[in-house]
$ cat data-v4.txt   # compact mmCIF, C-alpha atoms
# COMPACT_ATOMS: atom_id res chain seq x y z
CA MET A 434 11.35 -3.13 7.93
CA PHE A 435 7.95 -1.96 9.10
CA LEU A 436 5.18 -0.10 7.28
CA ILE A 437 2.76 2.20 9.10
CA TYR A 438 -0.40 3.40 7.34
CA ASP A 439 -4.10 4.08 7.68
CA CYS A 440 -6.12 1.17 6.40
CA ILE A 441 -9.73 0.77 5.30
CA ASP A 442 -11.23 -2.70 5.68
CA VAL A 443 -13.41 -3.11 2.58
CA VAL A 444 -15.79 -5.54 4.32
CA SER A 445 -16.60 -3.36 7.35
CA SER A 446 -15.55 0.07 6.00
CA LYS A 447 -13.71 0.49 9.30
CA LYS A 448 -10.63 2.72 9.29
CA THR A 449 -7.71 1.62 11.44
CA GLY A 450 -4.01 2.22 11.80
CA GLU A 451 -1.79 -0.71 10.81
CA ILE A 452 1.81 -1.66 11.38
CA CYS A 453 3.03 -4.50 9.18
CA THR A 454 6.29 -6.10 8.16
CA PHE A 455 7.14 -5.01 4.63
CA ARG A 456 7.89 -7.93 2.32
CA GLY A 457 7.51 -6.33 -1.09
CA ILE A 458 5.31 -4.49 -3.55
CA ARG A 459 4.10 -5.12 -7.07
CA TYR A 460 1.81 -3.45 -9.59
CA ASN A 461 -1.06 -5.42 -11.07
CA ALA A 462 -2.96 -4.99 -14.32
CA ASN A 463 -6.08 -3.74 -12.49
CA GLY A 464 -4.45 -0.46 -11.48
CA PHE A 465 -3.36 -1.26 -7.94
CA ALA A 466 -0.07 -1.53 -6.14
CA VAL A 467 -0.23 -4.63 -3.93
CA LEU A 468 1.71 -4.61 -0.65
CA SER A 469 3.11 -7.91 0.54
CA THR A 470 3.15 -8.25 4.33
CA GLU A 471 3.21 -11.01 6.93
CA HIS A 472 -0.60 -11.15 6.88
CA SER A 473 -1.29 -14.28 4.86
CA LYS A 474 -5.07 -13.82 4.55
CA HIS A 475 -5.12 -10.22 3.31
CA ASP A 476 -3.84 -8.11 0.45
CA TYR A 477 -3.27 -4.41 0.89
CA LEU A 478 -4.19 -2.42 -2.21
CA LEU A 479 -3.13 1.10 -3.18
CA PRO A 480 -5.07 2.44 -6.18
CA MET A 481 -2.69 4.32 -8.48
CA SER A 482 -1.65 4.80 -12.07
CA GLN A 483 1.44 3.14 -13.42
CA ASP A 484 3.22 6.53 -13.43
CA ALA A 485 2.30 7.10 -9.76
CA TYR A 486 3.54 3.57 -9.00
CA HIS A 487 6.90 4.36 -10.59
CA VAL A 488 7.31 7.42 -8.34
CA PHE A 489 6.17 5.44 -5.28
CA PHE A 490 8.58 2.62 -6.15
CA GLU A 491 11.53 5.00 -6.54
CA GLU A 492 10.82 6.76 -3.22
CA THR A 493 10.42 3.45 -1.39
CA THR A 494 13.62 2.07 -2.95
CA ARG A 495 15.52 5.19 -1.83
CA LEU A 496 14.37 4.73 1.77
CA ILE A 497 15.29 1.04 1.73
CA SER A 498 18.78 1.90 0.48
CA GLU A 499 19.14 4.32 3.41
CA ASN A 500 18.53 1.39 5.80
CA VAL A 501 15.57 2.99 7.56
CA ARG A 502 13.77 0.85 10.14
CA GLY A 503 10.31 1.79 8.98
CA ILE A 504 8.26 3.63 6.39
CA ARG A 505 5.09 5.67 6.94
CA LEU A 506 2.60 5.82 4.05
CA THR A 507 0.42 8.93 3.93
CA GLY A 508 -1.68 10.86 1.44
CA ALA A 509 -4.33 8.22 0.76
CA PRO A 510 -5.77 5.13 2.45
CA VAL A 511 -4.58 1.59 1.96
CA TYR A 512 -7.41 -0.88 1.33
CA ARG A 513 -7.40 -4.26 3.11
CA VAL A 514 -9.09 -7.03 1.12
CA ARG A 515 -9.16 -10.80 1.31
CA ARG A 516 -6.13 -12.26 -0.49
CA GLY A 517 -6.73 -12.33 -4.23
CA ALA A 518 -9.79 -10.04 -4.12
CA MET A 519 -10.10 -6.74 -5.97
CA LEU A 520 -11.65 -3.50 -4.79
CA PRO A 521 -15.28 -3.00 -5.73
CA MET A 522 -14.68 0.44 -7.21
CA ASP A 523 -16.81 1.84 -10.00
CA ASP A 524 -14.39 4.67 -10.67
CA LYS A 525 -10.70 3.98 -10.90
CA THR A 526 -8.86 6.58 -8.90
CA SER A 527 -5.18 7.26 -8.91
CA CYS A 528 -3.98 8.22 -5.47
CA ARG A 529 -0.64 9.79 -4.68
CA TYR A 530 1.04 8.29 -1.66
CA GLN A 531 3.92 9.85 0.19
CA VAL A 532 6.53 7.76 1.95
CA SER A 533 8.70 8.94 4.81
CA ALA A 534 11.22 7.33 7.13
CA ILE A 535 10.25 6.74 10.74
$ encode --input "data-v4.txt" --output "structure tokens"
Amino acid sequence: MFLIYDCIDVVSSKKTGEICTFRGIRYNANGFAVLSTEHSKHDYLLPMSQDAYHVFFEETTRLISENVRGIRLTGAPVYRVRRGAMLPMDDKTSCRYQVSAI
């Protein structure tokens, strides 16, 4: 399954569109959902509260169960960081992401 989303590279602040192979998602203690993709040198972070993560997880699980070929993430940017790095954010924000089948 593929993911399509707008991405911000934290190093260059450049905004690009990305298409990645979806391998999984998890929530970490720092307030980010972490997307697992085929890119071995990067993590893709989605700042959100644990409640927002639960909604995001349920919507994503529903689309996976419908056997869609791809998912588009909208509503907020996805941040690309070096694997294991965290976002240098002073203020924690909780974004709401929408997922839709493509």
$ residues_around --input "data-v4.txt" --residues "region 489-492 of chain A" --least-positions-apart "3" --cutoff "7 Å" --atoms "only C-alpha atoms" --output "VMD selection string"
chain A and resid 485 to 486 495 to 496 530 532
$ closest_residue --input "data-v4.txt" --among "A:Thr494, A:Arg516, A:Asp484, A:Ser445" --to "Ala534 (chain A)" --atoms "all atoms listed in the file"
A:Thr494
$ atom_distance --input "data-v4.txt" --atom1 "CA of Val514 (chain A)" --atom2 "CA of His475 (chain A)"
5.5 Å
$ atom_distance --input "data-v4.txt" --atom1 "CA of Ile497 (chain A)" --atom2 "CA of Met481 (chain A)"
20.9 Å
$ closest_residue --input "data-v4.txt" --among "A:Ser482, A:Val443, A:Phe435, A:Glu471" --to "Pro510 (chain A)" --atoms "only C-alpha atoms"
A:Val443
$ closest_residue --input "data-v4.txt" --among "A:Ser527, A:Arg515, A:Ile535, A:Leu478" --to "Val444 (chain A)" --atoms "all atoms listed in the file"
A:Arg515
$ residues_around --input "data-v4.txt" --residues "Val467 (chain A)" --least-positions-apart "4" --cutoff "9 Å" --atoms "all atoms listed in the file" --output "PyMOL selection string"
chain A and resi 457-461+476-480
$ atom_distance --input "data-v4.txt" --atom1 "CA of Asn500 (chain A)" --atom2 "CA of Ile437 (chain A)"
16.1 Å
$ axis_aligned_box --input "data-v4.txt" --around "region 454-465 of chain A" --padding-each-side "3 Å" --output "AutoDock Vina command-line options"
--center_x 0.9 --center_y -4.2 --center_z -3.1 --size_x 20.0 --size_y 13.5 --size_z 28.5
$ closest_residue --input "data-v4.txt" --among "A:Leu468, A:Leu520, A:Ala462, A:Cys440" --to "Gly508 (chain A)" --atoms "all atoms listed in the file"
A:Cys440
$ residues_around --input "data-v4.txt" --residues "Ile452 (chain A)" --least-positions-apart "2" --cutoff "10 Å" --atoms "all atoms listed in the file" --output "PyMOL selection string"
chain A and resi 435-440+450+454-455+470+503-505
$ closest_residue --input "data-v4.txt" --among "A:Ser533, A:Val488, A:Gly464, A:Arg456" --to "Val501 (chain A)" --atoms "all atoms listed in the file"
A:Ser533
$ closest_residue --input "data-v4.txt" --among "A:Arg529, A:Lys447, A:Lys474, A:His487" --to "Thr507 (chain A)" --atoms "only C-alpha atoms"
A:Arg529
